[in-house]
Structure formats: C-alpha cells, structure tokens
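Text of the file my_file-v9.tsv, holding TSV, C-alpha atoms:
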```
chain	number	residue	atom	x	y	z
A	1	MET	CA	36.10	35.30	-16.69
A	2	VAL	CA	36.53	31.64	-15.72
A	3	ASP	CA	39.54	30.75	-13.59
A	4	LYS	CA	41.34	27.88	-15.37
A	5	ASN	CA	42.87	26.77	-12.08
A	6	SER	CA	39.53	26.60	-10.25
A	7	GLU	CA	39.55	22.81	-10.37
A	8	ASN	CA	42.70	22.78	-8.23
A	9	LYS	CA	41.28	25.11	-5.59
A	10	PRO	CA	39.70	23.80	-2.38
A	11	ARG	CA	35.92	23.64	-2.48
A	12	GLY	CA	33.58	24.81	0.29
A	13	GLY	CA	32.85	28.03	2.17
A	14	TRP	CA	35.23	30.71	3.37
A	15	LEU	CA	35.73	28.90	6.68
A	16	SER	CA	37.18	25.84	4.97
A	17	ARG	CA	39.51	27.98	2.83
A	18	PHE	CA	40.86	30.29	5.51
A	19	ALA	CA	40.63	28.20	8.65
A	20	PRO	CA	40.56	24.49	7.76
A	21	GLY	CA	41.62	23.60	11.29
A	22	VAL	CA	38.50	25.16	12.81
A	23	ARG	CA	36.23	23.02	10.67
A	24	LYS	CA	38.01	19.93	11.93
A	25	ILE	CA	37.77	20.99	15.58
A	26	VAL	CA	34.09	21.98	15.40
A	27	SER	CA	32.73	18.99	13.52
A	28	ARG	CA	29.14	18.55	12.40
A	29	ARG	CA	28.45	15.99	15.10
A	30	ASP	CA	29.23	18.60	17.77
A	31	THR	CA	26.40	20.85	16.49
A	32	PRO	CA	22.95	19.27	16.92
A	33	ASP	CA	20.72	19.40	13.85
A	34	ASN	CA	17.77	20.37	16.07
A	35	LEU	CA	19.47	23.29	17.84
A	36	TRP	CA	16.99	25.66	16.19
A	37	VAL	CA	13.25	25.25	15.64
A	38	LYS	CA	11.23	27.19	13.09
A	39	ASP	CA	8.12	29.01	14.33
A	40	PRO	CA	5.27	27.63	12.13
A	41	ASP	CA	3.50	31.00	12.21
A	42	SER	CA	6.18	33.67	11.87
A	43	GLY	CA	8.94	31.61	10.27
A	44	GLU	CA	11.34	32.90	12.94
A	45	MET	CA	14.12	30.55	14.04
A	46	LEU	CA	13.84	29.84	17.77
A	47	PHE	CA	16.58	28.55	20.03
A	48	ARG	CA	15.49	25.08	21.16
A	49	THR	CA	16.53	25.61	24.79
A	50	ASP	CA	14.38	28.76	25.02
A	51	LEU	CA	11.45	26.94	23.44
A	52	GLU	CA	11.74	24.07	25.92
A	53	ALA	CA	11.78	26.56	28.81
A	54	ALA	CA	8.59	28.08	27.40
A	55	LEU	CA	6.92	24.62	27.36
A	56	TRP	CA	7.04	24.65	23.55
A	57	VAL	CA	4.88	27.74	23.25
A	58	THR	CA	6.31	30.08	20.61
A	59	PRO	CA	6.49	33.90	20.94
A	60	SER	CA	3.63	34.05	18.40
A	61	GLY	CA	1.49	32.03	20.84
A	62	ARG	CA	1.49	28.74	18.93
A	63	HIS	CA	1.17	25.79	21.31
A	64	MET	CA	3.34	23.21	19.57
A	65	ARG	CA	2.69	19.52	20.05
A	66	ILE	CA	4.66	17.89	22.86
A	67	ASN	CA	5.30	14.25	23.71
A	68	ALA	CA	4.02	12.37	26.75
A	69	PRO	CA	7.11	12.67	29.02
A	70	THR	CA	7.24	16.44	28.45
A	71	ARG	CA	3.52	16.75	29.15
A	72	LEU	CA	3.69	14.79	32.39
A	73	LYS	CA	6.65	16.79	33.70
A	74	ALA	CA	4.93	20.06	32.82
A	75	THR	CA	1.70	19.00	34.56
A	76	PHE	CA	2.83	17.61	37.92
A	77	ASP	CA	4.25	19.78	40.69
A	78	ASP	CA	8.02	20.17	40.26
A	79	GLY	CA	7.83	17.60	37.47
A	80	VAL	CA	7.67	14.80	40.08
A	81	PHE	CA	5.32	11.86	39.52
A	82	GLU	CA	5.03	8.10	39.82
A	83	SER	CA	5.00	6.42	36.43
A	84	ILE	CA	2.35	3.71	36.10
A	85	ASP	CA	2.94	0.88	33.62
A	86	THR	CA	0.44	0.37	30.83
A	87	PRO	CA	-0.94	-3.16	30.32
A	88	ASP	CA	0.30	-5.41	27.54
A	89	VAL	CA	-2.11	-6.43	24.79
A	90	PRO	CA	-1.93	-8.89	21.87
A	91	GLU	CA	-0.01	-7.40	18.97
A	92	ASP	CA	-1.31	-7.46	15.41
A	93	PRO	CA	-4.23	-9.83	16.17
A	94	LEU	CA	-5.61	-9.37	12.64
A	95	LYS	CA	-2.25	-9.96	10.89
A	96	PHE	CA	-2.93	-6.73	9.04
A	97	SER	CA	-0.87	-5.40	6.16
A	98	ASP	CA	-1.41	-2.29	4.06
A	99	GLY	CA	1.63	-2.87	1.91
A	100	LYS	CA	3.70	-3.02	5.08
A	101	PRO	CA	2.97	-5.42	7.96
A	102	TYR	CA	1.37	-3.74	10.97
A	103	ARG	CA	3.97	-5.34	13.25
A	104	ASP	CA	6.71	-3.55	11.29
A	105	ARG	CA	4.85	-0.25	11.59
A	106	LEU	CA	4.55	-0.76	15.34
A	107	ASN	CA	8.26	-1.45	15.68
A	108	ALA	CA	9.14	1.64	13.64
A	109	ALA	CA	6.80	3.80	15.73
A	110	ARG	CA	8.28	2.47	18.96
A	111	LYS	CA	11.78	3.24	17.78
A	112	ALA	CA	10.84	6.76	16.70
A	113	ALA	CA	8.76	7.66	19.79
A	114	GLY	CA	10.77	5.72	22.38
A	115	ARG	CA	7.66	4.14	23.88
A	116	LYS	CA	5.60	0.98	23.33
A	117	ASP	CA	2.35	2.78	22.43
A	118	THR	CA	0.57	6.11	22.55
A	119	MET	CA	-0.58	6.27	26.20
A	120	ALA	CA	1.46	7.24	29.27
A	121	ILE	CA	0.11	7.25	32.85
A	122	GLY	CA	1.37	9.13	35.89
A	123	PHE	CA	0.30	9.74	39.50
A	124	GLY	CA	1.27	12.77	41.57
A	125	LYS	CA	0.17	16.19	42.69
A	126	ILE	CA	-1.12	18.95	40.44
A	127	ASP	CA	-1.13	22.26	42.28
A	128	GLY	CA	-1.24	20.27	45.50
A	129	VAL	CA	-4.09	17.96	44.44
A	130	ALA	CA	-3.29	14.27	43.93
A	131	ALA	CA	-4.48	12.87	40.61
A	132	VAL	CA	-3.99	10.13	38.05
A	133	VAL	CA	-3.13	11.56	34.63
A	134	ILE	CA	-3.18	9.80	31.27
A	135	VAL	CA	-1.53	11.45	28.28
A	136	GLN	CA	-2.06	10.58	24.63
A	137	ASP	CA	1.17	10.98	22.68
A	138	PHE	CA	0.55	12.16	19.11
A	139	THR	CA	4.12	11.30	18.12
A	140	PHE	CA	3.18	7.59	18.30
A	141	MET	CA	1.19	6.80	15.15
A	142	GLY	CA	-0.78	10.02	15.43
A	143	GLY	CA	-2.09	9.12	18.88
A	144	SER	CA	-4.40	6.62	17.22
A	145	LEU	CA	-6.82	4.70	19.44
A	146	GLY	CA	-6.09	0.98	19.43
A	147	MET	CA	-6.26	-1.92	21.85
A	148	ALA	CA	-3.20	-0.79	23.80
A	149	ALA	CA	-4.53	2.75	24.19
A	150	GLY	CA	-7.96	1.50	25.27
A	151	GLU	CA	-6.50	-0.92	27.80
A	152	ALA	CA	-4.24	1.81	29.19
A	153	PHE	CA	-7.20	4.17	29.58
A	154	VAL	CA	-9.21	1.55	31.46
A	155	ALA	CA	-6.22	0.81	33.71
A	156	ALA	CA	-5.69	4.52	34.46
A	157	ALA	CA	-9.37	5.07	35.26
A	158	ARG	CA	-9.38	2.13	37.66
A	159	GLU	CA	-6.16	3.36	39.26
A	160	ALA	CA	-7.88	6.68	39.98
A	161	VAL	CA	-10.82	4.82	41.55
A	162	LYS	CA	-8.47	2.63	43.58
A	163	ARG	CA	-6.60	5.64	44.95
A	164	GLY	CA	-9.74	7.75	45.34
A	165	VAL	CA	-8.35	10.67	43.32
A	166	PRO	CA	-9.44	12.69	40.25
A	167	PHE	CA	-8.74	11.37	36.77
A	168	VAL	CA	-7.26	13.75	34.17
A	169	CYS	CA	-6.95	12.93	30.48
A	170	PHE	CA	-4.90	14.86	27.90
A	171	THR	CA	-6.20	13.92	24.46
A	172	ALA	CA	-4.33	14.10	21.13
A	173	ALA	CA	-5.38	11.78	18.33
A	174	GLY	CA	-6.08	11.44	14.66
A	175	GLY	CA	-8.77	8.82	15.32
A	176	ALA	CA	-9.02	5.04	15.52
A	177	ARG	CA	-6.13	2.81	14.46
A	178	MET	CA	-7.28	1.28	11.20
A	179	GLN	CA	-4.79	-1.62	11.38
A	180	GLU	CA	-6.84	-3.05	14.26
A	181	GLY	CA	-10.22	-2.74	12.55
A	182	ALA	CA	-13.26	-3.42	14.73
A	183	LEU	CA	-11.02	-4.14	17.71
A	184	SER	CA	-10.02	-0.48	17.62
A	185	LEU	CA	-13.63	0.73	17.43
A	186	MET	CA	-14.49	-1.42	20.46
A	187	GLN	CA	-12.22	0.79	22.56
A	188	MET	CA	-14.72	3.63	22.24
A	189	ALA	CA	-17.24	1.59	24.24
A	190	ARG	CA	-14.65	0.25	26.71
A	191	THR	CA	-13.26	3.70	27.55
A	192	THR	CA	-16.79	5.06	27.94
A	193	LEU	CA	-17.55	2.36	30.51
A	194	ALA	CA	-14.29	3.15	32.32
A	195	VAL	CA	-15.33	6.81	32.60
A	196	GLN	CA	-18.63	5.66	34.13
A	197	GLU	CA	-16.66	3.74	36.78
A	198	VAL	CA	-14.88	6.95	37.75
A	199	LYS	CA	-18.14	8.87	37.96
A	200	ALA	CA	-19.82	6.05	39.91
A	201	ALA	CA	-17.04	6.48	42.48
A	202	GLN	CA	-17.98	10.20	42.63
A	203	LEU	CA	-14.55	11.25	41.43
A	204	PRO	CA	-13.86	14.08	38.96
A	205	TYR	CA	-12.96	13.32	35.36
A	206	VAL	CA	-11.35	16.31	33.66
A	207	VAL	CA	-10.39	16.37	29.98
A	208	VAL	CA	-7.75	18.62	28.43
A	209	LEU	CA	-8.17	18.75	24.66
A	210	THR	CA	-4.91	19.36	22.81
A	211	ASP	CA	-4.07	19.71	19.13
A	212	PRO	CA	-5.42	17.68	17.42
A	213	THR	CA	-8.27	15.73	19.00
A	214	THR	CA	-10.36	14.07	16.31
A	215	GLY	CA	-12.16	10.91	15.21
A	216	GLY	CA	-13.23	8.16	17.57
A	217	VAL	CA	-11.45	9.78	20.53
A	218	THR	CA	-13.68	12.84	20.20
A	219	ALA	CA	-16.66	10.50	19.83
A	220	SER	CA	-15.88	8.79	23.15
A	221	TYR	CA	-13.83	9.69	26.23
A	222	ALA	CA	-12.72	13.15	25.02
A	223	MET	CA	-16.28	14.45	25.35
A	224	LEU	CA	-17.31	12.76	28.59
A	225	GLY	CA	-15.51	14.95	31.11
A	226	ASP	CA	-17.09	16.82	33.99
A	227	VAL	CA	-15.07	19.79	32.72
A	228	HIS	CA	-13.48	20.25	29.29
A	229	LEU	CA	-10.40	22.45	28.99
A	230	ALA	CA	-8.50	23.07	25.76
A	231	GLU	CA	-5.19	24.54	24.73
A	232	PRO	CA	-5.31	27.65	22.51
A	233	ASN	CA	-6.14	27.03	18.84
A	234	ALA	CA	-6.35	23.26	19.29
A	235	LEU	CA	-8.16	21.46	16.47
A	236	ILE	CA	-11.10	19.55	17.95
A	237	GLY	CA	-13.73	17.64	16.02
A	238	PHE	CA	-14.80	14.33	14.54
A	239	ALA	CA	-14.07	14.72	10.81
A	240	GLY	CA	-11.48	17.25	9.68
A	241	PRO	CA	-12.41	20.63	8.14
A	242	ARG	CA	-11.42	19.60	4.62
A	243	VAL	CA	-13.61	16.50	4.78
A	244	ILE	CA	-16.57	18.57	5.97
A	245	GLU	CA	-16.09	21.23	3.30
A	246	THR	CA	-15.91	18.55	0.62
A	247	THR	CA	-19.05	16.87	1.94
A	248	ILE	CA	-21.28	19.94	2.35
A	249	ARG	CA	-19.61	21.91	-0.46
A	250	GLU	CA	-19.55	25.07	1.58
A	251	LYS	CA	-16.82	27.23	3.08
A	252	LEU	CA	-16.57	26.82	6.83
A	253	PRO	CA	-16.57	29.81	9.21
A	254	PRO	CA	-13.20	31.23	10.31
A	255	GLY	CA	-11.75	29.29	13.25
A	256	PHE	CA	-14.21	26.44	12.80
A	257	GLN	CA	-13.32	23.44	15.04
A	258	ARG	CA	-10.69	25.46	16.88
A	259	ALA	CA	-10.75	25.65	20.69
A	260	GLU	CA	-11.87	29.29	20.89
A	261	TYR	CA	-14.70	28.76	18.39
A	262	LEU	CA	-15.91	25.69	20.29
A	263	GLN	CA	-15.78	27.53	23.59
A	264	GLY	CA	-18.18	30.07	22.11
A	265	LYS	CA	-20.50	27.20	21.13
A	266	GLY	CA	-20.37	25.56	24.57
A	267	MET	CA	-18.38	22.48	23.55
A	268	VAL	CA	-15.31	23.63	25.51
A	269	ASP	CA	-15.61	25.11	29.01
A	270	LYS	CA	-12.38	27.10	29.01
A	271	VAL	CA	-9.34	27.69	26.80
A	272	VAL	CA	-6.22	27.67	28.97
A	273	ALA	CA	-2.61	28.47	28.06
A	274	ARG	CA	-0.23	25.58	28.67
A	275	GLY	CA	1.66	27.32	31.45
A	276	ASP	CA	-1.58	27.95	33.36
A	277	LEU	CA	-2.97	24.42	33.10
A	278	PRO	CA	-1.57	23.01	36.39
A	279	THR	CA	-3.07	25.85	38.44
A	280	THR	CA	-6.39	25.67	36.61
A	281	LEU	CA	-6.57	21.88	36.95
A	282	GLY	CA	-5.74	22.10	40.66
A	283	GLN	CA	-8.50	24.62	41.27
A	284	ILE	CA	-11.09	22.62	39.33
A	285	MET	CA	-10.22	19.29	40.95
A	286	SER	CA	-10.18	20.80	44.43
A	287	MET	CA	-13.61	22.33	43.85
A	288	LEU	CA	-15.05	19.08	42.44
A	289	MET	CA	-13.57	17.11	45.35
A	290	GLY	CA	-15.29	19.43	47.81
A	291	GLY	CA	-12.04	21.02	48.88
A	292	LYS	CA	-10.38	17.68	49.71
A	293	ARG	CA	-6.74	17.42	48.67
A	294	LYS	CA	-5.68	13.79	48.82
A	295	ALA	CA	-2.05	13.14	49.71
A	296	ALA	CA	0.02	11.70	46.89
```
Structure translated into structure tokens:
Amino acid sequence: MVDKNSENKPRGGWLSRFAPGVRKIVSRRDTPDNLWVKDPDSGEMLFRTDLEAALWVTPSGRHMRINAPTRLKATFDDGVFESIDTPDVPEDPLKFSDGKPYRDRLNAARKAAGRKDTMAIGFGKIDGVAAVVIVQDFTFMGGSLGMAAGEAFVAAAREAVKRGVPFVCFTAAGGARMQEGALSLMQMARTTLAVQEVKAAQLPYVVVLTDPTTGGVTASYAMLGDVHLAEPNALIGFAGPRVIETTIREKLPPGFQRAEYLQGKGMVDKVVARGDLPTTLGQIMSMLMGGKRKAA
C-alpha cells in the first residue's frame, strides 16, 4: 500500500531520519573518499592506511602501482634521500594536437600527478650502499618516454658517474610519448648511450622492472642492466599480449610476459617482493662494487 503522505516525509537513510544532527556533525568532507581501496584480485575492501604500511602490496599478493615519491621513500634507508632536480626541456616542440593540444595534456597531467614529468631522481643509501636512483612514475601520462624523461635519465646516469656510485632504475611505462614523435624515439638512443657512460666508469647499472614496462622503454634502457630484477607479476614486454595474439592469431601461454614467466626464460634475473627490494639491491650493488660501500 502506498503512503499518501510519503511526499511530506524526509528523504534519505535511517541516519538522516533518526539522528539528523549526527549527519551534520560528521559531514562528507570529514570522511575521505579514498579511505578504502578495493583489492583488484579478491574484491576485498582494504583500509588505505594498512595498504600504505604494506607498501601497497595487497593480502592477495598484488603489487599495486605506486608513484615516484612513494617508491623513493620505500627504497632508501629510513626513507631519507637527496632529491635531484630533473633538467628542463622545450615543451611541445612539434605543436602537436590530437583533438586536444599537447600543452593542455601536459598541464592536466602535471596537476593530476603533482610533478612536471614522469621521472624522479634521488641519491642516498640503499641497505648501506650509496646510489643514484631514477624512478619512472606511471601516474604521469603512463610513464611515457619523451624528451623530459630522456634528459632526466641522462642527467641521473651522469650524476652516478660524477659521484662514483651505482645507478638504479625503476621502470614503468606504456612506451614512447606519441605527442613528441621522432623526438621521443630519439630518447631510446640517448638513454642507451648514457648507460654506456655508467658502464665505462665501471659502475653497476641495476634495473628493477615494475608493472608495466613496455614499448620503447623495454627496447632501450630497461634491458641494458647488469642485473634485472622484477616485482611479482609485473607485465614486461614490447607489444602487449592482446596485440601479439591479434597478430599471430594464437592463444598465448599462461603468464606470458609476466615477471615469473620471463625469469624462467632468462629475461629476468630474479623476481623480488617489494619489501625485499632494498636488501636485495644493497647486496647486488655491494657485490658489483667489490664490497665497496660509498658514503652518501
């Protein structure tokens, strides 16, 4: 039976009907929208603070993507490091537009990610070993490789040579930045030459492949390390699985292009959980440096 007086009754849940004062005291702005995070695998709702304490690794073992500041803090001892500025480069040299000007896309990405481009550089100690670390931030335009990223990589490599310490690179990219055309593709050659400068100085270059590492990044500095580590289940390859399946018209093997599969094929040296990376990196760098631990 329909209540004829329903139009005169207050709308909303039981809290608004029985305790309207509470709703006013505890307003929506006092409860963050991102207080809970959904586990992509199990669907379980996870308390954000617990997830942050676990370095964004879910109870199901999923290593969620993290931004550059979080990665740097998790890598260096006690989260302490010296931030190194990335060089400035010409913006939108091709005056590119794909329905929206590239300059507008850059500004939107900077506002969303809180940084001027995808790369972040830090210097400090990792398990007691001084190192220069460069991190590719996937939250900035999919970690795409453009002029700014290439220039930052070169600067970080030369900083490692200058300080006489190992160079560590955390990769995460969807490929080259199409808005910069050939200028983006040129960064593959420039970063390769920068890696050779590090090796010419007889310093270790260690790569940590994170989810996802694809395209021109995989075809250049991501595969030039003395040692290649990877986070569990990270997608690593040149073209994506769907593109390959469409091209060859065959079903790919289970786990194809994932870190564990590639370790079995010799493309990855070791799959390491995020929480164990600092210790593993410290051991590898110390060994490659002949036991020398440079002071930061």
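In terms of minimum interatomic distance to Lys73 in chain A, A:Lys125 ranks closest within A:Arg158, A:Lys125, A:Lys199, A:Arg163, counting all atoms listed in the file.
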Worksheet item: By how many Å are CA of Ile121 in chain A and CA of Val57 in chain A apart?
Response: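 CA of Ile121 in chain A sits 23.1 Å away from CA of Val57 in chain A.
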Item to complete: Quick one: residues within 10 Å of (-12.4, 21.9, 27.8) (file frame), counting all atoms listed in the file, please, as a PyMOL selection string.
Response: chain A and resi 206-210+222-223+225-231+259+262-263+266-272
Discussion item. What's the separation between CA of Lys38 in chain A and CA of Thr279 in chain A, in Å to one decimal place?
Written reply: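 CA of Thr279 in chain A lies 29.1 Å from CA of Lys38 in chain A.
Taking only C-alpha atoms into account, Asn233 in chain A lies nearest to A:Met64 out of the set A:Met64, A:Met188, A:Ala120, A:Ala54.
Take CA of Met119 in chain A and CA of Gln136 in chain A: the distance between them is 4.8 Å.
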Discussion item. Counting all atoms listed in the file, which residue out of A:Arg105, A:Ala53, A:Ala148, A:Ala131 sits closest to Asp88 in chain A?
Written reply: A:Ala148
Would you kindly return, as a PDB file with C-alpha atoms, keeping the file's coordinate frame, each protein, DNA or RNA residue with an atom no farther than 12 Å from any atom of Pro90 in chain A, considering all atoms listed in the file and excluding same-chain residues fewer than 3 positions away?
```
ATOM      1  CA  PRO A  87      -0.940  -3.160  30.320  1.00  0.00           C
ATOM      2  CA  PRO A  93      -4.230  -9.830  16.170  1.00  0.00           C
ATOM      3  CA  LEU A  94      -5.610  -9.370  12.640  1.00  0.00           C
ATOM      4  CA  LYS A  95      -2.250  -9.960  10.890  1.00  0.00           C
ATOM      5  CA  ARG A 103       3.970  -5.340  13.250  1.00  0.00           C
ATOM      6  CA  GLY A 146      -6.090   0.980  19.430  1.00  0.00           C
ATOM      7  CA  MET A 147      -6.260  -1.920  21.850  1.00  0.00           C
ATOM      8  CA  ALA A 148      -3.200  -0.790  23.800  1.00  0.00           C
ATOM      9  CA  GLU A 151      -6.500  -0.920  27.800  1.00  0.00           C
ATOM     10  CA  GLU A 180      -6.840  -3.050  14.260  1.00  0.00           C
ATOM     11  CA  LEU A 183     -11.020  -4.140  17.710  1.00  0.00           C
TER      12      LEU A 183
END
```
Fill in: Nearest candidate to Ala173 in chain A (options A:Pro204, A:Ala156, A:Gly128, A:Ala219; using all atoms listed in the file)
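When distances to Ala173 in chain A are compared using all atoms listed in the file, the smallest one comes from A:Ala219.
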Item to complete: Between A:Ser184, A:Gln202, A:Ser286, A:Thr213, single out the one closest to Leu145 in chain A, counting all atoms listed in the file.
Response: A:Ser184
Worksheet item: Could you list as a PyMOL selection string every residue that has an atom within 10 Å of (-9.3, 0.1, 34.1), using the file's coordinates and counting all atoms listed in the file?
Response: chain A and resi 87+150-162+190-191+193-195+197-198
Taking all atoms of range 128-133 of chain A that the file lists and extending 8 Å past them on each side, where is the centre of the axis-aligned box and how long are its edges? Answer in Å to one decimal, as AutoDock Vina command-line options.
```
--center_x -2.9 --center_y 15.2 --center_z 40.1 --size_x 19.2 --size_y 26.1 --size_z 26.9
```
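Residues surrounding Met285 in chain A within 10 Å are Ile126, Asp127, Val129, Ala130, Ala131, Val165, Pro166, Phe167, Val168, Leu203, Pro204, Tyr205, Val206, Val227, Gly291, Lys292 and Arg293 of chain A [only C-alpha atoms; sequence separation below 6 positions excluded].
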Output file for the selection above: C-alpha atoms, as an mmCIF file, in the frame of the given file:
```cif
data_model
loop_
_atom_site.group_PDB
_atom_site.id
_atom_site.type_symbol
_atom_site.label_atom_id
_atom_site.label_comp_id
_atom_site.auth_asym_id
_atom_site.auth_seq_id
_atom_site.Cartn_x
_atom_site.Cartn_y
_atom_site.Cartn_z
ATOM 1 C CA ILE A 126 -1.120 18.950 40.440
ATOM 2 C CA ASP A 127 -1.130 22.260 42.280
ATOM 3 C CA VAL A 129 -4.090 17.960 44.440
ATOM 4 C CA ALA A 130 -3.290 14.270 43.930
ATOM 5 C CA ALA A 131 -4.480 12.870 40.610
ATOM 6 C CA VAL A 165 -8.350 10.670 43.320
ATOM 7 C CA PRO A 166 -9.440 12.690 40.250
ATOM 8 C CA PHE A 167 -8.740 11.370 36.770
ATOM 9 C CA VAL A 168 -7.260 13.750 34.170
ATOM 10 C CA LEU A 203 -14.550 11.250 41.430
ATOM 11 C CA PRO A 204 -13.860 14.080 38.960
ATOM 12 C CA TYR A 205 -12.960 13.320 35.360
ATOM 13 C CA VAL A 206 -11.350 16.310 33.660
ATOM 14 C CA VAL A 227 -15.070 19.790 32.720
ATOM 15 C CA GLY A 291 -12.040 21.020 48.880
ATOM 16 C CA LYS A 292 -10.380 17.680 49.710
ATOM 17 C CA ARG A 293 -6.740 17.420 48.670
#
```
Worksheet item: For Leu72 in chain A, which residue among A:Glu250, A:Asp137, A:Asp276, A:Glu260 is the nearest when counting all atoms listed in the file?
Response: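 Smallest separation from Leu72 in chain A among the options: A:Asp137.
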Discussion item. Using only C-alpha atoms, which protein or nucleic acid residues come within 10 Å of Ala74 in chain A? Drop anything in the same chain fewer than 3 positions from it, and give the result as a PyMOL selection string.
Written reply: chain A and resi 55+68-71+77-80+126+274-275+277-278
Take the residues just selected and output them with C-alpha atoms as a PDB file, in the coordinates of the input.
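After the write, result.pdb holds the following:
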```
ATOM      1  CA  LEU A  55       6.920  24.620  27.360  1.00  0.00           C
ATOM      2  CA  ALA A  68       4.020  12.370  26.750  1.00  0.00           C
ATOM      3  CA  PRO A  69       7.110  12.670  29.020  1.00  0.00           C
ATOM      4  CA  THR A  70       7.240  16.440  28.450  1.00  0.00           C
ATOM      5  CA  ARG A  71       3.520  16.750  29.150  1.00  0.00           C
ATOM      6  CA  ASP A  77       4.250  19.780  40.690  1.00  0.00           C
ATOM      7  CA  ASP A  78       8.020  20.170  40.260  1.00  0.00           C
ATOM      8  CA  GLY A  79       7.830  17.600  37.470  1.00  0.00           C
ATOM      9  CA  VAL A  80       7.670  14.800  40.080  1.00  0.00           C
ATOM     10  CA  ILE A 126      -1.120  18.950  40.440  1.00  0.00           C
ATOM     11  CA  ARG A 274      -0.230  25.580  28.670  1.00  0.00           C
ATOM     12  CA  GLY A 275       1.660  27.320  31.450  1.00  0.00           C
ATOM     13  CA  LEU A 277      -2.970  24.420  33.100  1.00  0.00           C
ATOM     14  CA  PRO A 278      -1.570  23.010  36.390  1.00  0.00           C
TER      15      PRO A 278
END
```
